[in-house]
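**Student:** My file is run_16.tsv. It has TSV, C-alpha atoms and all ligand atoms:
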chain	number	residue	atom	x	y	z
A	1	MET	CA	160.46	162.80	118.59
A	2	THR	CA	157.86	165.03	120.26
A	3	ILE	CA	154.23	164.05	120.91
A	4	LEU	CA	151.48	166.50	121.81
A	5	TYR	CA	148.74	165.06	124.02
A	6	THR	CA	145.84	167.46	123.76
A	7	ASP	CA	142.08	167.83	124.40
A	8	ILE	CA	142.69	167.03	128.08
A	9	ARG	CA	139.67	168.25	129.99
A	10	GLU	CA	141.41	168.20	133.39
A	11	LEU	CA	145.15	167.77	133.86
A	12	VAL	CA	146.48	167.07	137.35
A	13	THR	CA	150.15	168.11	137.44
A	14	ASN	CA	150.96	168.10	141.19
A	15	ASP	CA	152.82	171.33	140.44
A	16	PRO	CA	151.29	174.01	142.71
A	17	ALA	CA	152.69	176.76	140.46
A	18	ASN	CA	150.00	175.85	137.91
A	19	ALA	CA	147.07	176.56	140.25
A	20	ASP	CA	147.83	179.36	142.70
A	21	GLY	CA	149.51	177.02	145.17
A	22	ASP	CA	146.91	174.24	145.14
A	23	PRO	CA	148.87	170.98	145.60
A	24	LEU	CA	147.25	169.19	142.63
A	25	GLY	CA	148.14	172.02	140.22
A	26	ILE	CA	145.11	171.34	138.01
A	27	ILE	CA	145.00	172.85	134.51
A	28	ALA	CA	141.67	172.78	132.62
A	29	ASP	CA	141.57	172.24	128.83
A	30	ALA	CA	145.21	171.28	128.89
A	31	ALA	CA	147.92	169.71	126.78
A	32	VAL	CA	151.25	167.99	127.44
A	33	VAL	CA	154.21	167.67	125.09
A	34	VAL	CA	156.45	164.65	125.53
A	35	ASP	CA	159.97	164.58	124.08
A	36	GLY	CA	161.32	161.02	124.17
A	37	SER	CA	160.96	159.86	127.76
A	38	GLN	CA	160.47	163.31	129.32
A	39	ILE	CA	157.89	166.06	129.63
A	40	ALA	CA	158.84	168.99	127.40
A	41	TRP	CA	155.86	171.30	127.91
A	42	VAL	CA	152.68	171.52	130.07
A	43	GLY	CA	149.91	174.12	129.79
A	44	ARG	CA	146.66	175.24	128.18
A	45	ALA	CA	145.84	173.41	124.94
A	46	THR	CA	145.29	176.70	123.09
A	47	GLU	CA	148.89	177.72	123.84
A	48	ALA	CA	150.53	174.39	123.02
A	49	PRO	CA	153.55	174.35	120.68
A	50	ASP	CA	153.71	172.16	117.58
A	51	ALA	CA	154.95	168.59	117.87
A	52	ASP	CA	155.88	165.75	115.52
A	53	GLU	CA	152.79	163.78	116.46
A	54	LYS	CA	149.43	164.71	117.97
A	55	VAL	CA	147.29	162.52	120.22
A	56	GLY	CA	143.76	163.57	121.12
A	57	CYS	CA	142.61	162.56	124.58
A	58	ALA	CA	138.93	163.05	123.72
A	59	ASP	CA	138.03	165.12	126.77
A	60	ALA	CA	139.50	162.65	129.26
A	61	SER	CA	141.32	163.64	132.41
A	62	VAL	CA	145.03	162.98	132.86
A	63	ILE	CA	146.88	162.41	136.13
A	64	PRO	CA	150.52	161.65	136.99
A	65	GLY	CA	151.37	157.93	136.97
A	66	PHE	CA	150.79	156.36	140.37
A	67	VAL	CA	153.89	155.68	142.48
A	68	ASP	CA	153.53	152.55	144.60
A	69	SER	CA	156.16	152.72	147.31
A	70	HIS	CA	155.28	149.44	149.05
A	71	ALA	CA	154.84	146.05	147.38
A	72	HIS	CA	155.91	142.45	148.05
A	73	LEU	CA	155.90	140.83	144.63
A	74	VAL	CA	158.46	138.01	144.78
A	75	PHE	CA	156.72	134.92	146.09
A	76	ALA	CA	155.14	131.60	145.22
A	77	GLY	CA	152.16	129.78	146.66
A	78	GLU	CA	148.48	130.51	147.09
A	79	ARG	CA	146.72	131.83	150.20
A	80	SER	CA	143.13	132.47	149.21
A	81	ALA	CA	141.90	129.87	151.72
A	82	GLU	CA	143.58	131.85	154.50
A	83	PHE	CA	141.74	134.97	153.33
A	84	ALA	CA	138.44	133.08	153.35
A	85	ALA	CA	139.16	131.80	156.86
A	86	ARG	CA	139.92	135.34	158.03
A	87	MET	CA	136.70	136.61	156.52
A	88	SER	CA	134.96	133.87	158.51
A	89	GLY	CA	136.36	135.33	161.72
A	90	GLN	CA	140.03	134.35	162.18
A	91	ALA	CA	142.42	137.15	163.17
A	92	TYR	CA	145.38	138.21	160.98
A	93	GLU	CA	148.79	137.29	162.38
A	94	ALA	CA	152.24	137.95	160.97
A	95	GLY	CA	153.01	134.19	161.16
A	96	GLY	CA	150.94	133.44	158.02
A	97	ILE	CA	153.98	134.65	156.08
A	98	ALA	CA	155.68	131.30	156.82
A	99	SER	CA	153.47	129.43	154.35
A	100	THR	CA	154.56	131.74	151.52
A	101	VAL	CA	158.18	131.36	152.64
A	102	ALA	CA	157.94	127.57	152.30
A	103	ALA	CA	156.44	127.82	148.80
A	104	THR	CA	158.92	130.49	147.68
A	105	ARG	CA	161.97	128.49	148.76
A	106	THR	CA	160.91	125.48	146.71
A	107	ALA	CA	159.95	127.48	143.59
A	108	ASP	CA	162.49	127.73	140.77
A	109	ASP	CA	163.75	131.08	139.44
A	110	ALA	CA	161.57	130.95	136.33
A	111	THR	CA	158.40	130.51	138.42
A	112	LEU	CA	159.30	133.44	140.68
A	113	LEU	CA	160.21	135.64	137.72
A	114	ALA	CA	156.97	134.83	135.91
A	115	GLY	CA	155.00	135.73	139.04
A	116	VAL	CA	156.81	139.05	139.43
A	117	GLN	CA	156.32	139.92	135.79
A	118	ARG	CA	152.62	139.10	135.97
A	119	LEU	CA	152.16	141.39	138.97
A	120	ALA	CA	154.33	144.14	137.47
A	121	ASP	CA	152.06	144.00	134.45
A	122	GLU	CA	148.96	144.31	136.63
A	123	LEU	CA	150.48	147.31	138.41
A	124	LEU	CA	151.19	149.06	135.11
A	125	ARG	CA	147.73	148.36	133.76
A	126	ALA	CA	146.30	149.96	136.91
A	127	GLY	CA	148.33	153.09	136.16
A	128	ILE	CA	151.28	152.47	138.47
A	129	THR	CA	154.34	153.67	136.56
A	130	THR	CA	156.89	153.39	139.42
A	131	PHE	CA	156.87	150.74	142.10
A	132	GLU	CA	158.99	149.37	144.88
A	133	CYS	CA	159.47	145.62	145.39
A	134	LYS	CA	160.60	143.87	148.57
A	135	SER	CA	162.20	140.52	149.20
A	136	GLY	CA	161.12	138.81	152.42
A	137	TYR	CA	159.73	135.41	151.45
A	138	GLY	CA	163.10	133.66	151.10
A	139	LEU	CA	164.62	134.33	154.53
A	140	THR	CA	167.86	132.51	153.72
A	141	VAL	CA	170.94	134.28	152.37
A	142	ASP	CA	170.55	132.69	148.93
A	143	ASP	CA	166.77	133.02	148.69
A	144	GLU	CA	166.78	136.68	149.70
A	145	ALA	CA	169.57	137.45	147.22
A	146	ARG	CA	167.76	135.66	144.41
A	147	SER	CA	164.47	137.38	145.29
A	148	LEU	CA	166.19	140.75	144.91
A	149	ARG	CA	167.87	139.76	141.64
A	150	ILE	CA	164.44	138.77	140.32
A	151	ALA	CA	162.87	142.00	141.62
A	152	LYS	CA	165.60	143.94	139.80
A	153	ALA	CA	164.20	142.60	136.53
A	154	VAL	CA	161.11	144.79	137.00
A	155	THR	CA	162.21	147.77	139.13
A	156	ASP	CA	165.23	149.63	140.49
A	157	GLU	CA	163.38	150.27	143.76
A	158	THR	CA	164.36	146.99	145.43
A	159	THR	CA	164.19	146.46	149.17
A	160	LEU	CA	165.85	143.87	151.38
A	161	LEU	CA	163.22	142.63	153.83
A	162	GLY	CA	165.16	139.72	155.31
A	163	ALA	CA	163.63	140.85	158.61
A	164	HIS	CA	160.07	140.06	157.56
A	165	VAL	CA	159.58	137.34	160.18
A	166	VAL	CA	161.94	134.92	161.92
A	167	PRO	CA	161.73	131.74	159.82
A	168	PRO	CA	160.67	128.47	161.50
A	169	GLU	CA	164.19	126.98	161.60
A	170	PHE	CA	165.36	129.91	163.78
A	171	ARG	CA	162.31	129.99	166.04
A	172	ASP	CA	164.35	129.01	169.10
A	173	ASP	CA	167.28	131.27	168.31
A	174	ARG	CA	166.10	134.56	166.91
A	175	SER	CA	169.37	136.34	167.68
A	176	ALA	CA	171.17	133.88	165.38
A	177	TYR	CA	168.73	134.80	162.62
A	178	ILE	CA	169.29	138.53	163.19
A	179	ASP	CA	173.06	137.94	163.07
A	180	MET	CA	172.57	136.24	159.72
A	181	VAL	CA	170.41	139.09	158.40
A	182	THR	CA	172.91	141.77	159.46
A	183	GLY	CA	175.94	139.70	158.38
A	184	PRO	CA	176.01	137.35	155.38
A	185	MET	CA	172.53	138.23	154.11
A	186	LEU	CA	173.22	141.95	154.06
A	187	ARG	CA	176.55	141.36	152.32
A	188	ALA	CA	174.97	139.12	149.67
A	189	CYS	CA	171.93	141.36	149.14
A	190	SER	CA	173.15	144.94	149.35
A	191	PRO	CA	174.49	144.94	145.75
A	192	HIS	CA	170.93	144.17	144.57
A	193	ALA	CA	168.99	146.49	146.90
A	194	ARG	CA	168.46	150.20	147.34
A	195	TRP	CA	166.52	149.93	150.61
A	196	VAL	CA	166.50	147.98	153.85
A	197	ASP	CA	163.18	147.30	155.60
A	198	VAL	CA	162.01	145.59	158.80
A	199	PHE	CA	158.54	144.36	159.79
A	200	CYS	CA	158.51	145.95	163.26
A	201	ASP	CA	155.37	144.59	164.87
A	202	ARG	CA	153.87	141.97	167.13
A	203	GLY	CA	154.91	138.50	165.90
A	204	ALA	CA	157.76	139.90	163.80
A	205	PHE	CA	160.62	142.10	165.16
A	206	ASP	CA	160.69	144.35	168.22
A	207	VAL	CA	161.97	147.91	168.31
A	208	ASP	CA	165.50	147.10	169.54
A	209	GLU	CA	165.92	144.40	166.90
A	210	THR	CA	164.59	146.77	164.26
A	211	ARG	CA	167.01	149.52	165.29
A	212	HIS	CA	169.93	147.10	165.04
A	213	ILE	CA	168.95	145.71	161.64
A	214	LEU	CA	168.20	149.09	160.05
A	215	THR	CA	171.40	150.60	161.47
A	216	GLU	CA	173.48	147.79	159.98
A	217	GLY	CA	171.64	148.19	156.67
A	218	ILE	CA	172.39	151.91	156.61
A	219	LYS	CA	176.05	151.18	157.35
A	220	ALA	CA	176.06	148.85	154.33
A	221	GLY	CA	174.92	151.75	152.13
A	222	LEU	CA	171.18	151.08	151.99
A	223	ASP	CA	168.48	153.61	152.89
A	224	ALA	CA	165.95	152.68	155.54
A	225	ARG	CA	162.19	152.23	155.47
A	226	LEU	CA	160.07	150.13	157.80
A	227	HIS	CA	156.73	148.57	158.62
A	228	ALA	CA	155.46	149.84	161.98
A	229	GLY	CA	152.25	150.31	163.90
A	230	GLN	CA	150.08	147.95	161.83
A	231	LEU	CA	148.93	145.57	164.56
A	232	GLY	CA	149.19	147.84	167.60
A	233	PRO	CA	150.83	151.01	168.95
A	234	SER	CA	154.58	150.86	168.36
A	235	ALA	CA	157.70	152.81	169.20
A	236	GLY	CA	158.79	151.74	165.70
A	237	ILE	CA	157.13	154.81	164.20
A	238	LYS	CA	159.34	157.19	166.19
A	239	LEU	CA	162.33	154.95	165.56
A	240	GLY	CA	161.80	155.40	161.82
A	241	VAL	CA	161.81	159.18	162.26
A	242	GLU	CA	164.89	159.02	164.48
A	243	LEU	CA	166.83	156.94	161.94
A	244	GLY	CA	165.80	159.21	159.06
A	245	ALA	CA	163.88	156.45	157.29
A	246	ALA	CA	162.36	157.51	153.97
A	247	SER	CA	159.02	156.08	155.07
A	248	VAL	CA	157.21	154.50	157.99
A	249	ASP	CA	154.57	152.23	156.54
A	250	HIS	CA	151.15	151.30	157.99
A	251	CYS	CA	151.00	153.77	160.96
A	252	THR	CA	147.54	152.36	161.65
A	253	TYR	CA	147.96	152.78	165.40
A	254	ALA	CA	149.91	156.05	165.31
A	255	THR	CA	149.48	158.03	168.54
A	256	ASP	CA	149.35	161.84	168.81
A	257	ASP	CA	153.02	161.72	169.76
A	258	ASP	CA	153.90	159.63	166.70
A	259	ILE	CA	151.99	162.00	164.45
A	260	GLU	CA	153.79	165.00	165.93
A	261	ALA	CA	157.12	163.28	165.24
A	262	LEU	CA	156.10	162.44	161.65
A	263	ALA	CA	154.93	166.02	161.07
A	264	ALA	CA	158.21	167.45	162.39
A	265	ALA	CA	160.07	165.13	159.99
A	266	ALA	CA	157.79	165.77	157.00
A	267	ASP	CA	160.73	166.64	154.73
A	268	THR	CA	162.53	163.38	155.52
A	269	THR	CA	160.09	160.69	156.53
A	270	VAL	CA	156.79	159.92	154.83
A	271	ALA	CA	153.88	158.17	156.57
A	272	THR	CA	152.70	155.56	154.07
A	273	LEU	CA	149.20	154.20	154.58
A	274	LEU	CA	148.12	150.90	153.06
A	275	PRO	CA	144.34	150.71	152.73
A	276	GLY	CA	144.45	147.27	151.11
A	277	ALA	CA	145.90	145.78	154.30
A	278	GLU	CA	143.13	147.01	156.58
A	279	PHE	CA	140.53	146.13	153.96
A	280	SER	CA	141.82	142.57	153.49
A	281	THR	CA	142.35	141.87	157.19
A	282	ARG	CA	139.12	143.59	158.21
A	283	ALA	CA	141.12	145.77	160.57
A	284	ARG	CA	140.57	149.32	161.76
A	285	TYR	CA	141.65	152.02	159.32
A	286	PRO	CA	144.14	154.76	160.16
A	287	ASP	CA	142.90	158.36	159.89
A	288	GLY	CA	144.75	159.91	156.97
A	289	ARG	CA	143.29	163.36	157.56
A	290	ARG	CA	144.70	163.45	161.07
A	291	LEU	CA	148.21	162.94	159.70
A	292	ILE	CA	147.77	165.42	156.86
A	293	ASP	CA	146.24	168.11	159.08
A	294	ALA	CA	149.14	167.72	161.51
A	295	GLY	CA	151.57	168.41	158.66
A	296	ALA	CA	152.94	164.93	157.92
A	297	THR	CA	153.75	163.93	154.35
A	298	VAL	CA	151.43	161.03	153.51
A	299	ALA	CA	151.64	158.39	150.78
A	300	LEU	CA	149.23	155.65	149.74
A	301	ALA	CA	150.57	152.32	148.48
A	302	THR	CA	149.11	148.94	147.56
A	303	ASP	CA	151.13	146.73	149.95
A	304	CYS	CA	150.55	144.09	147.28
A	305	ASN	CA	151.34	140.75	148.97
A	306	PRO	CA	149.71	137.33	149.05
A	307	GLY	CA	148.73	137.41	152.72
A	308	SER	CA	147.23	140.70	153.81
A	309	SER	CA	146.64	142.83	150.69
A	310	TYR	CA	146.58	141.01	147.38
A	311	THR	CA	145.73	144.01	145.22
A	312	THR	CA	147.68	145.82	142.50
A	313	ASN	CA	144.99	148.43	142.07
A	314	MET	CA	145.80	151.97	143.20
A	315	PRO	CA	142.37	153.36	142.25
A	316	PHE	CA	140.88	150.82	144.67
A	317	CYS	CA	143.27	152.04	147.40
A	318	ILE	CA	142.25	155.64	146.67
A	319	ALA	CA	138.56	154.76	146.92
A	320	VAL	CA	139.06	153.04	150.28
A	321	ALA	CA	141.23	155.92	151.57
A	322	VAL	CA	138.48	158.39	150.70
A	323	ARG	CA	135.62	156.27	151.99
A	324	ASP	CA	137.18	154.87	155.15
A	325	MET	CA	140.36	156.79	155.98
A	326	ASN	CA	139.03	160.33	155.89
A	327	PHE	CA	141.05	161.50	152.87
A	328	THR	CA	139.52	163.99	150.45
A	329	PRO	CA	139.71	162.75	146.83
A	330	ALA	CA	142.42	165.36	146.19
A	331	GLN	CA	144.49	164.29	149.20
A	332	ALA	CA	144.22	160.63	148.19
A	333	LEU	CA	145.33	161.31	144.62
A	334	TRP	CA	148.30	163.38	145.80
A	335	ALA	CA	149.30	160.66	148.27
A	336	ALA	CA	149.16	157.97	145.54
A	337	THR	CA	151.37	159.99	143.16
A	338	ALA	CA	153.57	162.74	144.65
A	339	GLY	CA	153.36	161.16	148.11
A	340	GLY	CA	154.65	157.83	146.78
A	341	ALA	CA	157.46	159.63	144.96
A	342	ALA	CA	158.46	161.32	148.23
A	343	ALA	CA	158.40	157.95	150.01
A	344	LEU	CA	160.90	156.67	147.42
A	345	ARG	CA	162.85	159.95	147.44
A	346	ARG	CA	162.29	160.31	143.72
A	347	GLU	CA	162.39	163.75	142.11
A	348	ASP	CA	161.78	162.55	138.55
A	349	VAL	CA	158.29	161.07	139.02
A	350	GLY	CA	155.01	161.99	140.73
A	351	VAL	CA	154.81	165.46	139.15
A	352	LEU	CA	154.00	166.44	135.56
A	353	ALA	CA	156.44	169.25	134.86
A	354	VAL	CA	159.12	170.03	132.29
A	355	GLY	CA	162.10	167.69	132.62
A	356	ARG	CA	160.27	165.06	134.67
A	357	ARG	CA	159.72	161.54	133.35
A	358	ALA	CA	156.70	161.34	131.06
A	359	ASP	CA	154.60	159.07	133.28
A	360	PHE	CA	150.87	159.66	133.17
A	361	VAL	CA	147.49	158.00	133.14
A	362	VAL	CA	144.57	158.87	130.88
A	363	LEU	CA	141.28	158.32	132.71
A	364	ASP	CA	137.92	157.59	131.13
A	365	ALA	CA	136.43	160.30	133.35
A	366	PRO	CA	136.02	164.07	133.32
A	367	SER	CA	137.79	164.38	136.67
A	368	PHE	CA	140.17	162.43	138.90
A	369	ILE	CA	137.41	162.49	141.54
A	370	HIS	CA	135.84	159.59	139.66
A	371	LEU	CA	138.61	157.34	141.01
A	372	ALA	CA	136.78	157.40	144.36
A	373	TYR	CA	133.33	158.32	143.10
A	374	ARG	CA	133.14	155.25	140.82
A	375	PRO	CA	134.83	152.56	142.92
A	376	GLY	CA	135.78	149.36	141.15
A	377	VAL	CA	135.15	150.77	137.68
A	378	PRO	CA	138.13	150.34	135.29
A	379	LEU	CA	138.71	154.01	134.47
A	380	VAL	CA	142.34	153.69	133.33
A	381	ARG	CA	142.12	154.21	129.56
A	382	ASP	CA	145.80	154.48	128.80
A	383	VAL	CA	149.11	154.51	130.63
A	384	VAL	CA	152.21	156.32	129.39
A	385	ARG	CA	155.48	155.39	131.08
A	386	ALA	CA	158.73	157.15	130.19
A	387	GLY	CA	156.96	158.43	127.08
A	388	LYS	CA	155.77	155.01	125.91
A	389	HIS	CA	152.13	153.96	125.58
A	390	LEU	CA	151.25	150.72	127.30
A	391	ASN	CA	147.75	150.29	125.96
A	392	GLN	CA	147.55	152.20	122.69
A	393	ARG	CA	143.90	152.97	123.30
A	394	VAL	CA	144.24	156.72	123.03
A	395	GLU	CA	142.67	158.02	119.84
A	396	SER	CA	145.63	158.83	117.60
A	397	ARG	CA	145.39	161.60	115.04
A	398	SER	CA	148.89	161.49	113.66
A	401	ZN	ZN	154.28	145.28	153.63
Would you give me this structure, written as structure tokens?
**Tutor:**
Amino acid sequence: MTILYTDIRELVTNDPANADGDPLGIIADAAVVVDGSQIAWVGRATEAPDADEKVGCADASVIPGFVDSHAHLVFAGERSAEFAARMSGQAYEAGGIASTVAATRTADDATLLAGVQRLADELLRAGITTFECKSGYGLTVDDEARSLRIAKAVTDETTLLGAHVVPPEFRDDRSAYIDMVTGPMLRACSPHARWVDVFCDRGAFDVDETRHILTEGIKAGLDARLHAGQLGPSAGIKLGVELGAASVDHCTYATDDDIEALAAAADTTVATLLPGAEFSTRARYPDGRRLIDAGATVALATDCNPGSSYTTNMPFCIAVAVRDMNFTPAQALWAATAGGAAALRREDVGVLAVGRRADFVVLDAPSFIHLAYRPGVPLVRDVVRAGKHLNQRVESRS
């Protein structure tokens, strides 16, 4: 069945062919035809073909569904007191993860699954139609494998993050933990994961350890991505480029050299910035414009996790990126859609063009600029994922 979405005041396609090479590919007074789960036609409303059903968008704007390439959704426990303490002046340290690890290990499968489904629902309601989900709060062979099985219930973009931190029981023998991660854990988890990730930073894993873990993950058939440069300058950023990682995430302390390396690898490795993490840890923000101007491919993601960025809201991340990370509204929107798709090496999402998955967001706003211009306002009117409405709030005229 075909559905014509019409009366779209401003349609962001991310297809430069629609707008003389402009990356957002904006079409004014536009329409989209969806056939099943895919886009069948995109263009001016006056030229739209007939369809089985017609949906009026009442002069709203439409953007591609957000692609969140970095989220930690499988966990139990509650850390709001830690956030309050941090806002009273305590510094963020990677070790806070241990409290979530303890709670996650003792939670049963049903509790973890319910938590993941609740967060997946929040992501969708905020317009995120594709998202990645990491393990990393189990840190035993069985708990990492079950975290990934549970993540698989909500997304195919699953990531083994057994190297999140060294758990307390291995504190005096970190090499034994790394042997476990690269041995039995990798064997048990690789059937349930697409990606392997390492938290390469102070208090977590150093660059040599990260190289070893990612290399073993790649040998096991997983693709690499990593956390690097969040808490201080790190050779991890260049390591990610060297290993051909799909994305180096955080890059808060990227040096000129790092940025040059990321720019030279723009077709392979994305720099993913996570505004929620700096916001929630009251840390310095990276300069997105500096990366973009140098030629790097840049993504924005939520980093949804209970410790340092407990948000599922991409419009919030866009607003912070524009206000505090030097992005233009257009750059931020691209990074949160096409940029996220690049960070997950996905061709089928992030762009509204014929043959792509019909993932889009209808905004209660005349322009996508309102995502940053009206921070905190719930502008997501409707979300369509693989051709299906999630909210049913669009005015239907069929
Ligand atoms: Zn993270």
**Student:** To one decimal place, how far is CA of Leu214 (chain A) from CA of Val196 (chain A) in Å?
**Tutor:**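 CA of Val196 (chain A) lies at a distance of 6.5 Å from CA of Leu214 (chain A).
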**Student:** Per residue of chain A within 8 Å of ligand ZN 401 (chain A), note the shortest atom pair and the distance in Å to one decimal, counting only C-alpha atoms and all ligand atoms, and order the rows by chain and increasing residue number, as a tab-separated table.
**Tutor:**
residue	atom	partner	partner_atom	distance
A:His70	CA	A:ZN401	ZN	6.3
A:Ala71	CA	A:ZN401	ZN	6.3
A:His72	CA	A:ZN401	ZN	6.5
A:Phe199	CA	A:ZN401	ZN	7.5
A:His227	CA	A:ZN401	ZN	6.5
A:Asp249	CA	A:ZN401	ZN	7.5
A:Asp303	CA	A:ZN401	ZN	5.1
A:Cys304	CA	A:ZN401	ZN	7.5
A:Asn305	CA	A:ZN401	ZN	7.1
**Student:** Work out how far apart CA of Val241 (chain A) and CA of Ile128 (chain A) are and give it in Å to one decimal.
**Tutor:**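 The value is 26.9 Å.
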**Student:** Report, in Å with one decimal, the straight-line distance from CA of Ala301 (chain A) to CA of Ile178 (chain A).
**Tutor:**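 Between CA of Ala301 (chain A) and CA of Ile178 (chain A) the gap works out to 27.5 Å.
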**Student:** Within 10 Å of (146.7, 159.4, 157.6) in the file's own coordinates, which protein, DNA or RNA residues have an atom, counting all atoms listed in the file? List them as a ChimeraX atom specification.
**Tutor:** /A:250-252,254,259,271-274,285-294,296-300,321,325-327,331-332,335
**Student:** Per residue of region 128-147 of chain A within 7 Å of region 152-165 of chain A, record the nearest atom pair and its distance in Å to one decimal, counting all atoms listed in the file, with rows in chain order and ascending residue number, as a Markdown table.
**Tutor:**
| residue | atom | partner | partner_atom | distance |
| --- | --- | --- | --- | --- |
| A:Phe131 | CA | A:Glu157 | CA | 6.7 |
| A:Glu132 | CA | A:Glu157 | CA | 4.6 |
| A:Cys133 | CA | A:Thr158 | CA | 5.1 |
| A:Lys134 | CA | A:Thr159 | CA | 4.5 |
| A:Ser135 | CA | A:Leu161 | CA | 5.2 |
| A:Gly136 | CA | A:Leu161 | CA | 4.6 |
| A:Leu139 | CA | A:Gly162 | CA | 5.5 |
| A:Glu144 | CA | A:Gly162 | CA | 6.6 |
**Student:** Which residue out of A:Cys189, A:Arg282, A:Pro64, A:Trp41 has the minimum interatomic distance to Leu11 (chain A) when all atoms listed in the file are used?
**Tutor:**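 Of all the options, A:Pro64 lies closest to Leu11 (chain A).
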**Student:** Please list as a PyMOL selection string every residue within 8 Å of Gly295 (chain A), counting only C-alpha atoms and excluding residues in the same chain fewer than 4 positions away.
**Tutor:** chain A and resi 263-264+266+291
**Student:** Can you write out the residues you just picked, keeping C-alpha atoms, as a PDB file, in the frame of the given file?
**Tutor:**
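To be explicit, this is the file written out as part.pdb:
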ATOM      1  CA  ALA A 263     154.930 166.020 161.070  1.00  0.00           C
ATOM      2  CA  ALA A 264     158.210 167.450 162.390  1.00  0.00           C
ATOM      3  CA  ALA A 266     157.790 165.770 157.000  1.00  0.00           C
ATOM      4  CA  LEU A 291     148.210 162.940 159.700  1.00  0.00           C
TER       5      LEU A 291
END
**Student:** From the list A:Asp324, A:Asp201, A:Asp29, A:Glu78, which residue is nearest Thr46 (chain A) when using only C-alpha atoms?
**Tutor:**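 Going through A:Asp324, A:Asp201, A:Asp29, A:Glu78 one by one, the smallest distance to Thr46 (chain A) is for A:Asp29.
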